[in-house]
>>> print(open('my_file26.cif').read())   # mmCIF, N, CA and C atoms
data_entry
loop_
_atom_site.label_atom_id
_atom_site.label_comp_id
_atom_site.auth_asym_id
_atom_site.auth_seq_id
_atom_site.Cartn_x
_atom_site.Cartn_y
_atom_site.Cartn_z
N MET A 1 29.74 -4.67 5.54
CA MET A 1 29.00 -4.63 6.79
C MET A 1 29.86 -4.02 7.88
N HIS A 2 29.19 -3.53 8.88
CA HIS A 2 29.86 -2.84 9.97
C HIS A 2 29.77 -3.65 11.25
N SER A 3 30.68 -3.38 12.14
CA SER A 3 30.70 -4.06 13.43
C SER A 3 29.45 -3.73 14.23
N LYS A 4 28.88 -4.74 14.87
CA LYS A 4 27.69 -4.53 15.70
C LYS A 4 28.02 -3.63 16.89
N ALA A 5 29.30 -3.55 17.27
CA ALA A 5 29.68 -2.72 18.40
C ALA A 5 29.59 -1.23 18.06
N GLN A 6 29.62 -0.90 16.78
CA GLN A 6 29.51 0.49 16.37
C GLN A 6 28.04 0.90 16.35
N SER A 7 27.75 2.07 16.90
CA SER A 7 26.37 2.55 16.90
C SER A 7 26.04 3.16 15.54
N THR A 8 24.75 3.27 15.26
CA THR A 8 24.32 3.92 14.03
C THR A 8 24.82 5.35 13.99
N LYS A 9 24.81 6.05 15.13
CA LYS A 9 25.30 7.43 15.15
C LYS A 9 26.77 7.50 14.78
N GLU A 10 27.58 6.55 15.25
CA GLU A 10 29.00 6.54 14.91
C GLU A 10 29.19 6.36 13.40
N LEU A 11 28.32 5.57 12.79
CA LEU A 11 28.48 5.25 11.37
C LEU A 11 27.84 6.28 10.46
N THR A 12 26.78 6.94 10.91
CA THR A 12 26.04 7.84 10.03
C THR A 12 26.10 9.30 10.46
N ASN A 13 26.55 9.59 11.68
CA ASN A 13 26.57 10.93 12.25
C ASN A 13 25.16 11.49 12.46
N ILE A 14 24.16 10.62 12.49
CA ILE A 14 22.79 11.03 12.75
C ILE A 14 22.19 10.10 13.80
N GLN A 15 21.14 10.56 14.45
CA GLN A 15 20.54 9.81 15.56
C GLN A 15 19.40 8.92 15.09
N MET A 16 19.51 8.33 13.92
CA MET A 16 18.48 7.44 13.41
C MET A 16 19.10 6.45 12.44
N SER A 17 18.37 5.41 12.13
CA SER A 17 18.88 4.44 11.17
C SER A 17 18.97 5.10 9.79
N LEU A 18 19.75 4.50 8.90
CA LEU A 18 19.86 5.04 7.55
C LEU A 18 18.51 5.01 6.85
N GLY A 19 17.74 3.94 7.05
CA GLY A 19 16.42 3.87 6.44
C GLY A 19 15.53 5.02 6.90
N ASP A 20 15.57 5.33 8.20
CA ASP A 20 14.78 6.45 8.70
C ASP A 20 15.28 7.78 8.14
N ALA A 21 16.59 7.93 8.03
CA ALA A 21 17.15 9.18 7.50
C ALA A 21 16.76 9.38 6.03
N ILE A 22 16.81 8.30 5.25
CA ILE A 22 16.40 8.40 3.85
C ILE A 22 14.91 8.68 3.75
N ASP A 23 14.13 8.02 4.60
CA ASP A 23 12.69 8.29 4.65
C ASP A 23 12.46 9.77 4.93
N ARG A 24 13.17 10.29 5.91
CA ARG A 24 13.00 11.69 6.30
C ARG A 24 13.38 12.64 5.17
N ILE A 25 14.49 12.35 4.49
CA ILE A 25 14.93 13.27 3.44
C ILE A 25 13.97 13.23 2.23
N THR A 26 13.33 12.09 1.98
CA THR A 26 12.36 12.06 0.88
C THR A 26 11.13 12.91 1.23
N ILE A 27 10.73 12.89 2.51
CA ILE A 27 9.60 13.72 2.94
C ILE A 27 9.98 15.20 2.89
N LEU A 28 11.17 15.52 3.38
CA LEU A 28 11.63 16.91 3.34
C LEU A 28 11.76 17.42 1.91
N SER A 29 12.21 16.57 1.01
CA SER A 29 12.32 16.95 -0.40
C SER A 29 10.95 17.30 -0.98
N ARG A 30 9.96 16.53 -0.59
CA ARG A 30 8.58 16.79 -1.05
C ARG A 30 8.09 18.12 -0.49
N LYS A 31 8.38 18.39 0.78
CA LYS A 31 7.98 19.65 1.38
C LYS A 31 8.64 20.83 0.68
N ILE A 32 9.92 20.69 0.38
CA ILE A 32 10.64 21.75 -0.33
C ILE A 32 10.04 21.95 -1.72
N PHE A 33 9.72 20.86 -2.39
CA PHE A 33 9.11 20.94 -3.72
C PHE A 33 7.83 21.77 -3.69
N PHE A 34 7.07 21.66 -2.60
CA PHE A 34 5.82 22.40 -2.47
C PHE A 34 6.00 23.74 -1.75
N GLY A 35 7.25 24.18 -1.59
CA GLY A 35 7.52 25.53 -1.11
C GLY A 35 7.60 25.71 0.40
N GLU A 36 7.77 24.63 1.15
CA GLU A 36 7.87 24.77 2.61
C GLU A 36 9.31 25.12 2.98
N GLU A 37 9.54 26.39 3.20
CA GLU A 37 10.88 26.90 3.48
C GLU A 37 11.51 26.30 4.73
N GLY A 38 10.70 25.97 5.72
CA GLY A 38 11.21 25.45 6.98
C GLY A 38 11.89 24.09 6.86
N ALA A 39 11.74 23.42 5.73
CA ALA A 39 12.32 22.09 5.56
C ALA A 39 13.78 22.13 5.12
N TYR A 40 14.25 23.28 4.66
CA TYR A 40 15.61 23.37 4.10
C TYR A 40 16.71 23.04 5.10
N LYS A 41 16.60 23.53 6.33
CA LYS A 41 17.68 23.35 7.30
C LYS A 41 17.95 21.87 7.59
N GLU A 42 16.89 21.12 7.92
CA GLU A 42 17.07 19.70 8.21
C GLU A 42 17.50 18.95 6.95
N HIS A 43 16.95 19.31 5.81
CA HIS A 43 17.31 18.68 4.53
C HIS A 43 18.80 18.86 4.27
N SER A 44 19.29 20.09 4.44
CA SER A 44 20.72 20.37 4.22
C SER A 44 21.60 19.59 5.17
N TYR A 45 21.17 19.51 6.44
CA TYR A 45 21.95 18.76 7.43
C TYR A 45 22.04 17.29 7.05
N LEU A 46 20.91 16.69 6.68
CA LEU A 46 20.92 15.28 6.29
C LEU A 46 21.78 15.07 5.04
N CYS A 47 21.69 15.97 4.08
CA CYS A 47 22.52 15.86 2.87
C CYS A 47 24.00 15.88 3.23
N GLU A 48 24.40 16.75 4.15
CA GLU A 48 25.79 16.80 4.59
C GLU A 48 26.20 15.49 5.25
N CYS A 49 25.31 14.94 6.07
CA CYS A 49 25.60 13.66 6.72
C CYS A 49 25.78 12.56 5.66
N PHE A 50 24.91 12.53 4.67
CA PHE A 50 25.03 11.53 3.61
C PHE A 50 26.33 11.70 2.84
N ASN A 51 26.76 12.94 2.64
CA ASN A 51 28.02 13.19 1.93
C ASN A 51 29.21 12.60 2.68
N ASP A 52 29.12 12.54 4.00
CA ASP A 52 30.22 12.03 4.83
C ASP A 52 30.23 10.51 4.97
N MET A 53 29.17 9.85 4.48
CA MET A 53 29.07 8.39 4.61
C MET A 53 29.71 7.70 3.41
N ASP A 54 30.25 6.54 3.68
CA ASP A 54 30.82 5.73 2.62
C ASP A 54 29.85 4.58 2.35
N ILE A 55 28.84 4.85 1.52
CA ILE A 55 27.81 3.86 1.23
C ILE A 55 27.94 3.43 -0.22
N LYS A 56 28.10 2.13 -0.42
CA LYS A 56 28.18 1.59 -1.77
C LYS A 56 26.76 1.48 -2.31
N LEU A 57 26.51 2.16 -3.41
CA LEU A 57 25.18 2.14 -4.02
C LEU A 57 25.05 0.92 -4.91
N SER A 58 24.12 0.06 -4.57
CA SER A 58 23.84 -1.12 -5.39
C SER A 58 22.47 -0.93 -6.03
N GLY A 59 22.17 -1.77 -6.99
CA GLY A 59 20.86 -1.73 -7.60
C GLY A 59 19.75 -1.99 -6.60
N SER A 60 19.99 -2.92 -5.69
CA SER A 60 19.00 -3.26 -4.66
C SER A 60 18.75 -2.08 -3.72
N LEU A 61 19.82 -1.40 -3.34
CA LEU A 61 19.68 -0.24 -2.45
C LEU A 61 18.94 0.88 -3.17
N LEU A 62 19.32 1.15 -4.40
CA LEU A 62 18.65 2.19 -5.17
C LEU A 62 17.16 1.88 -5.33
N ALA A 63 16.84 0.63 -5.63
CA ALA A 63 15.43 0.24 -5.78
C ALA A 63 14.66 0.46 -4.48
N ALA A 64 15.25 0.12 -3.33
CA ALA A 64 14.58 0.31 -2.04
C ALA A 64 14.34 1.79 -1.77
N VAL A 65 15.31 2.64 -2.11
CA VAL A 65 15.17 4.08 -1.91
C VAL A 65 14.05 4.63 -2.80
N ILE A 66 14.02 4.20 -4.05
CA ILE A 66 12.97 4.66 -4.97
C ILE A 66 11.60 4.21 -4.49
N ARG A 67 11.50 2.97 -4.05
CA ARG A 67 10.22 2.47 -3.54
C ARG A 67 9.77 3.22 -2.30
N LEU A 68 10.71 3.50 -1.40
CA LEU A 68 10.38 4.26 -0.20
C LEU A 68 9.88 5.65 -0.58
N ASN A 69 10.55 6.30 -1.50
CA ASN A 69 10.12 7.61 -1.96
C ASN A 69 8.72 7.55 -2.57
N GLN A 70 8.46 6.51 -3.35
CA GLN A 70 7.14 6.38 -3.98
C GLN A 70 6.04 6.20 -2.92
N MET A 71 6.33 5.43 -1.88
CA MET A 71 5.34 5.27 -0.81
C MET A 71 5.05 6.62 -0.14
N ASN A 72 6.09 7.42 0.07
CA ASN A 72 5.90 8.73 0.68
C ASN A 72 5.09 9.66 -0.22
N ILE A 73 5.30 9.57 -1.52
CA ILE A 73 4.51 10.37 -2.46
C ILE A 73 3.04 9.94 -2.39
N GLU A 74 2.79 8.64 -2.36
CA GLU A 74 1.41 8.14 -2.31
C GLU A 74 0.72 8.58 -1.02
N VAL A 75 1.41 8.46 0.11
CA VAL A 75 0.82 8.89 1.39
C VAL A 75 0.55 10.39 1.36
N TRP A 76 1.53 11.15 0.87
CA TRP A 76 1.39 12.61 0.77
C TRP A 76 0.15 12.95 -0.04
N ASN A 77 0.00 12.32 -1.21
CA ASN A 77 -1.13 12.63 -2.09
C ASN A 77 -2.46 12.29 -1.43
N LEU A 78 -2.54 11.12 -0.80
CA LEU A 78 -3.79 10.74 -0.14
C LEU A 78 -4.13 11.68 1.02
N GLU A 79 -3.13 12.00 1.84
CA GLU A 79 -3.38 12.90 2.96
C GLU A 79 -3.77 14.29 2.47
N ASN A 80 -3.14 14.75 1.40
CA ASN A 80 -3.47 16.05 0.84
C ASN A 80 -4.91 16.06 0.30
N GLN A 81 -5.29 14.98 -0.38
CA GLN A 81 -6.67 14.88 -0.88
C GLN A 81 -7.66 14.89 0.28
N MET A 82 -7.33 14.19 1.35
CA MET A 82 -8.23 14.16 2.51
C MET A 82 -8.37 15.54 3.13
N ARG A 83 -7.26 16.27 3.24
CA ARG A 83 -7.32 17.63 3.79
C ARG A 83 -8.19 18.52 2.90
N ASN A 84 -7.97 18.45 1.61
CA ASN A 84 -8.72 19.30 0.68
C ASN A 84 -10.18 18.89 0.59
N ASP A 85 -10.44 17.59 0.58
CA ASP A 85 -11.82 17.10 0.44
C ASP A 85 -12.61 17.20 1.73
N SER A 86 -11.93 17.33 2.87
CA SER A 86 -12.66 17.43 4.14
C SER A 86 -13.52 18.69 4.16
N GLU A 87 -13.08 19.71 3.43
CA GLU A 87 -13.86 20.94 3.33
C GLU A 87 -15.14 20.71 2.53
N ASN A 88 -15.14 19.70 1.67
CA ASN A 88 -16.30 19.41 0.83
C ASN A 88 -17.11 18.24 1.37
N ASN A 89 -16.93 17.93 2.65
CA ASN A 89 -17.68 16.85 3.31
C ASN A 89 -17.53 15.51 2.61
N MET A 90 -16.31 15.02 2.60
CA MET A 90 -16.02 13.71 2.02
C MET A 90 -16.86 12.64 2.73
N PRO A 91 -17.47 11.74 1.97
CA PRO A 91 -18.25 10.67 2.60
C PRO A 91 -17.37 9.82 3.52
N LEU A 92 -17.94 9.38 4.62
CA LEU A 92 -17.21 8.61 5.61
C LEU A 92 -16.60 7.34 5.02
N ALA A 93 -17.29 6.70 4.10
CA ALA A 93 -16.76 5.49 3.46
C ALA A 93 -15.48 5.80 2.69
N GLU A 94 -15.43 6.98 2.07
CA GLU A 94 -14.23 7.38 1.33
C GLU A 94 -13.08 7.70 2.28
N VAL A 95 -13.39 8.33 3.40
CA VAL A 95 -12.36 8.60 4.42
C VAL A 95 -11.76 7.27 4.87
N GLY A 96 -12.62 6.28 5.15
CA GLY A 96 -12.14 4.97 5.58
C GLY A 96 -11.29 4.29 4.52
N ARG A 97 -11.72 4.37 3.27
CA ARG A 97 -10.97 3.75 2.18
C ARG A 97 -9.56 4.36 2.08
N ARG A 98 -9.50 5.67 2.17
CA ARG A 98 -8.20 6.35 2.08
C ARG A 98 -7.33 6.07 3.30
N ALA A 99 -7.94 5.99 4.47
CA ALA A 99 -7.18 5.68 5.69
C ALA A 99 -6.55 4.28 5.59
N ILE A 100 -7.30 3.34 5.05
CA ILE A 100 -6.76 1.98 4.86
C ILE A 100 -5.63 2.00 3.85
N ALA A 101 -5.78 2.76 2.78
CA ALA A 101 -4.72 2.86 1.78
C ALA A 101 -3.46 3.47 2.40
N ILE A 102 -3.61 4.50 3.21
CA ILE A 102 -2.46 5.12 3.88
C ILE A 102 -1.79 4.12 4.81
N ARG A 103 -2.58 3.36 5.56
CA ARG A 103 -2.03 2.33 6.44
C ARG A 103 -1.21 1.33 5.64
N ASP A 104 -1.74 0.90 4.49
CA ASP A 104 -1.04 -0.08 3.66
C ASP A 104 0.26 0.49 3.09
N PHE A 105 0.23 1.74 2.65
CA PHE A 105 1.46 2.38 2.16
C PHE A 105 2.48 2.51 3.28
N ASN A 106 2.03 2.81 4.49
CA ASN A 106 2.96 2.92 5.63
C ASN A 106 3.59 1.58 5.98
N LYS A 107 2.86 0.49 5.82
CA LYS A 107 3.45 -0.84 6.02
C LYS A 107 4.59 -1.06 5.04
N LYS A 108 4.35 -0.66 3.78
CA LYS A 108 5.39 -0.80 2.76
C LYS A 108 6.59 0.08 3.08
N ARG A 109 6.34 1.29 3.60
CA ARG A 109 7.44 2.18 3.99
C ARG A 109 8.34 1.48 4.99
N ILE A 110 7.76 0.84 5.98
CA ILE A 110 8.55 0.13 7.00
C ILE A 110 9.37 -0.98 6.34
N GLU A 111 8.77 -1.71 5.42
CA GLU A 111 9.49 -2.78 4.71
C GLU A 111 10.71 -2.22 3.98
N TYR A 112 10.52 -1.10 3.26
CA TYR A 112 11.62 -0.54 2.49
C TYR A 112 12.69 0.08 3.38
N LYS A 113 12.30 0.70 4.50
CA LYS A 113 13.30 1.22 5.44
C LYS A 113 14.12 0.06 6.01
N ASN A 114 13.45 -1.04 6.35
CA ASN A 114 14.16 -2.21 6.85
C ASN A 114 15.10 -2.79 5.80
N GLU A 115 14.66 -2.78 4.55
CA GLU A 115 15.52 -3.29 3.47
C GLU A 115 16.78 -2.43 3.33
N ILE A 116 16.63 -1.12 3.41
CA ILE A 116 17.79 -0.21 3.35
C ILE A 116 18.73 -0.51 4.51
N ASN A 117 18.19 -0.67 5.70
CA ASN A 117 19.04 -0.96 6.87
C ASN A 117 19.74 -2.31 6.72
N ARG A 118 19.03 -3.30 6.19
CA ARG A 118 19.61 -4.63 6.00
C ARG A 118 20.73 -4.58 4.96
N LEU A 119 20.49 -3.91 3.86
CA LEU A 119 21.47 -3.86 2.77
C LEU A 119 22.75 -3.12 3.17
N THR A 120 22.62 -2.10 4.01
CA THR A 120 23.77 -1.28 4.37
C THR A 120 24.37 -1.63 5.73
N GLY A 121 23.61 -2.32 6.57
CA GLY A 121 24.07 -2.59 7.92
C GLY A 121 24.05 -1.36 8.81
N LEU A 122 23.35 -0.30 8.37
CA LEU A 122 23.30 0.96 9.11
C LEU A 122 21.92 1.17 9.71
N GLY A 123 21.64 0.43 10.74
CA GLY A 123 20.35 0.59 11.39
C GLY A 123 19.88 -0.70 12.01
N PHE A 124 18.59 -0.81 12.15
CA PHE A 124 17.98 -1.93 12.84
C PHE A 124 16.68 -2.27 12.13
N ARG A 125 16.14 -3.42 12.46
CA ARG A 125 14.85 -3.83 11.89
C ARG A 125 13.74 -3.20 12.73
N GLU A 126 12.89 -2.44 12.07
CA GLU A 126 11.77 -1.78 12.74
C GLU A 126 10.57 -2.72 12.75
N PHE A 127 9.95 -2.83 13.92
CA PHE A 127 8.74 -3.63 14.07
C PHE A 127 7.65 -2.73 14.63
N LYS A 128 6.45 -2.90 14.16
CA LYS A 128 5.29 -2.20 14.72
C LYS A 128 4.37 -3.26 15.28
N THR A 129 4.06 -3.16 16.56
CA THR A 129 3.12 -4.10 17.17
C THR A 129 1.94 -3.31 17.72
N LYS A 130 0.77 -3.81 17.42
CA LYS A 130 -0.47 -3.14 17.83
C LYS A 130 -0.43 -1.68 17.44
N HIS A 131 -0.05 -1.42 16.21
CA HIS A 131 0.09 -0.07 15.68
C HIS A 131 -0.99 0.18 14.64
N ARG A 132 -1.33 1.41 14.45
CA ARG A 132 -2.36 1.77 13.47
C ARG A 132 -2.00 1.34 12.05
N SER A 133 -0.71 1.17 11.78
CA SER A 133 -0.30 0.78 10.43
C SER A 133 -0.49 -0.70 10.17
N GLN A 134 -1.03 -1.45 11.15
CA GLN A 134 -1.20 -2.89 10.95
C GLN A 134 -2.66 -3.24 10.74
#
>>> encode(input="my_file26.cif", output="structure tokens")
Amino acid sequence: MHSKAQSTKELTNIQMSLGDAIDRITILSRKIFFGEEGAYKEHSYLCECFNDMDIKLSGSLLAAVIRLNQMNIEVWNLENQMRNDSENNMPLAEVGRRAIAIRDFNKKRIEYKNEINRLTGLGFREFKTKHRSQ
């Protein structure tokens, strides 16, 4: 664990918690996978920052990262389906069902980001109050 007096930026060289940075890199990796060239610069920067960190990889941390990545894949797939199906006049009930599923996956994302921050001591506990994800 790290001293509370040290900021996340001092410990990670980035302006976000480790959970948020890992969340971001999983999204950028997905964008790169689908050919979005503009994602490379930020992805490379985050990878360099991770290379400079001294993070002990535990089974619990690895599991949280994998779960976070899976939530991002699920959200990506649902949002992509909604974009593609909107052209085919998706029924309103189906839009609502998918929106609720996305909200639920986003709640899980917050849980896994918080778990990463708790396990590493690199970040803070994120709370959403009166947010669409609740």
>>> resolve_selection(input="my_file26.cif", expression="the PyMOL selection byres (((chain A and resi 26-34 and name CA) around 9) and name CA)", output="PDB file with N, CA and C atoms, in the coordinates of the input")
ATOM      1  N   ALA A  21      16.590   7.930   8.030  1.00  0.00           N
ATOM      2  CA  ALA A  21      17.150   9.180   7.500  1.00  0.00           C
ATOM      3  C   ALA A  21      16.760   9.380   6.030  1.00  0.00           C
ATOM      4  N   ILE A  22      16.810   8.300   5.250  1.00  0.00           N
ATOM      5  CA  ILE A  22      16.400   8.400   3.850  1.00  0.00           C
ATOM      6  C   ILE A  22      14.910   8.680   3.750  1.00  0.00           C
ATOM      7  N   ASP A  23      14.130   8.020   4.600  1.00  0.00           N
ATOM      8  CA  ASP A  23      12.690   8.290   4.650  1.00  0.00           C
ATOM      9  C   ASP A  23      12.460   9.770   4.930  1.00  0.00           C
ATOM     10  N   ARG A  24      13.170  10.290   5.910  1.00  0.00           N
ATOM     11  CA  ARG A  24      13.000  11.690   6.300  1.00  0.00           C
ATOM     12  C   ARG A  24      13.380  12.640   5.170  1.00  0.00           C
ATOM     13  N   ILE A  25      14.490  12.350   4.490  1.00  0.00           N
ATOM     14  CA  ILE A  25      14.930  13.270   3.440  1.00  0.00           C
ATOM     15  C   ILE A  25      13.970  13.230   2.230  1.00  0.00           C
ATOM     16  N   GLY A  35       7.250  24.180  -1.590  1.00  0.00           N
ATOM     17  CA  GLY A  35       7.520  25.530  -1.110  1.00  0.00           C
ATOM     18  C   GLY A  35       7.600  25.710   0.400  1.00  0.00           C
ATOM     19  N   GLU A  36       7.770  24.630   1.150  1.00  0.00           N
ATOM     20  CA  GLU A  36       7.870  24.770   2.610  1.00  0.00           C
ATOM     21  C   GLU A  36       9.310  25.120   2.980  1.00  0.00           C
ATOM     22  N   GLU A  37       9.540  26.390   3.200  1.00  0.00           N
ATOM     23  CA  GLU A  37      10.880  26.900   3.480  1.00  0.00           C
ATOM     24  C   GLU A  37      11.510  26.300   4.730  1.00  0.00           C
ATOM     25  N   GLY A  38      10.700  25.970   5.720  1.00  0.00           N
ATOM     26  CA  GLY A  38      11.210  25.450   6.980  1.00  0.00           C
ATOM     27  C   GLY A  38      11.890  24.090   6.860  1.00  0.00           C
ATOM     28  N   ALA A  39      11.740  23.420   5.730  1.00  0.00           N
ATOM     29  CA  ALA A  39      12.320  22.090   5.560  1.00  0.00           C
ATOM     30  C   ALA A  39      13.780  22.130   5.120  1.00  0.00           C
ATOM     31  N   TYR A  40      14.250  23.280   4.660  1.00  0.00           N
ATOM     32  CA  TYR A  40      15.610  23.370   4.100  1.00  0.00           C
ATOM     33  C   TYR A  40      16.710  23.040   5.100  1.00  0.00           C
ATOM     34  N   GLU A  42      16.890  21.120   7.920  1.00  0.00           N
ATOM     35  CA  GLU A  42      17.070  19.700   8.210  1.00  0.00           C
ATOM     36  C   GLU A  42      17.500  18.950   6.950  1.00  0.00           C
ATOM     37  N   HIS A  43      16.950  19.310   5.810  1.00  0.00           N
ATOM     38  CA  HIS A  43      17.310  18.680   4.530  1.00  0.00           C
ATOM     39  C   HIS A  43      18.800  18.860   4.270  1.00  0.00           C
ATOM     40  N   VAL A  65      15.310   2.640  -2.110  1.00  0.00           N
ATOM     41  CA  VAL A  65      15.170   4.080  -1.910  1.00  0.00           C
ATOM     42  C   VAL A  65      14.050   4.630  -2.800  1.00  0.00           C
ATOM     43  N   LEU A  68      10.710   3.500  -1.400  1.00  0.00           N
ATOM     44  CA  LEU A  68      10.380   4.260  -0.200  1.00  0.00           C
ATOM     45  C   LEU A  68       9.880   5.650  -0.580  1.00  0.00           C
ATOM     46  N   ASN A  69      10.550   6.300  -1.500  1.00  0.00           N
ATOM     47  CA  ASN A  69      10.120   7.610  -1.960  1.00  0.00           C
ATOM     48  C   ASN A  69       8.720   7.550  -2.570  1.00  0.00           C
ATOM     49  N   ASN A  72       6.090   7.420   0.070  1.00  0.00           N
ATOM     50  CA  ASN A  72       5.900   8.730   0.680  1.00  0.00           C
ATOM     51  C   ASN A  72       5.090   9.660  -0.220  1.00  0.00           C
ATOM     52  N   ILE A  73       5.300   9.570  -1.520  1.00  0.00           N
ATOM     53  CA  ILE A  73       4.510  10.370  -2.460  1.00  0.00           C
ATOM     54  C   ILE A  73       3.040   9.940  -2.390  1.00  0.00           C
ATOM     55  N   TRP A  76       1.530  11.150   0.870  1.00  0.00           N
ATOM     56  CA  TRP A  76       1.390  12.610   0.770  1.00  0.00           C
ATOM     57  C   TRP A  76       0.150  12.950  -0.040  1.00  0.00           C
TER      58      TRP A  76
END
>>> select_by_dssp(input="my_file26.cif", residues="range 39-99 of chain A", states="helix (DSSP H, G or I)", output="VMD selection string")
chain A and resid 39 to 52 59 to 86 92 to 99
>>> atom_distance(input="my_file26.cif", atom1="atom C of Leu57 in chain A", atom2="atom N of Tyr112 in chain A")
16.8 Å
>>> closest_residue(input="my_file26.cif", among="A:Ile14, A:Ile110, A:Val95, A:Leu78", to="Met53 in chain A", atoms="only C-alpha atoms")
A:Ile14
>>> atom_distance(input="my_file26.cif", atom1="CA of Ala64 in chain A", atom2="CA of Tyr45 in chain A")
22.0 Å
>>> atom_distance(input="my_file26.cif", atom1="atom C of Glu74 in chain A", atom2="atom N of Ala101 in chain A")
9.5 Å
>>> resolve_selection(input="my_file26.cif", expression="the PyMOL selection byres (((chain A and resi 17 and name CA) around 9) and name CA)", output="ChimeraX atom specification")
/A:8-9,12,14-16,18-22,113,117,122-124
>>> resolve_selection(input="my_file26.cif", expression="the PyMOL selection byres (((chain A and resi 103 and name CA) around 12) and name CA)", output="PyMOL selection string")
chain A and resi 71-72+74-75+78-79+96-102+104-110+128+131-134
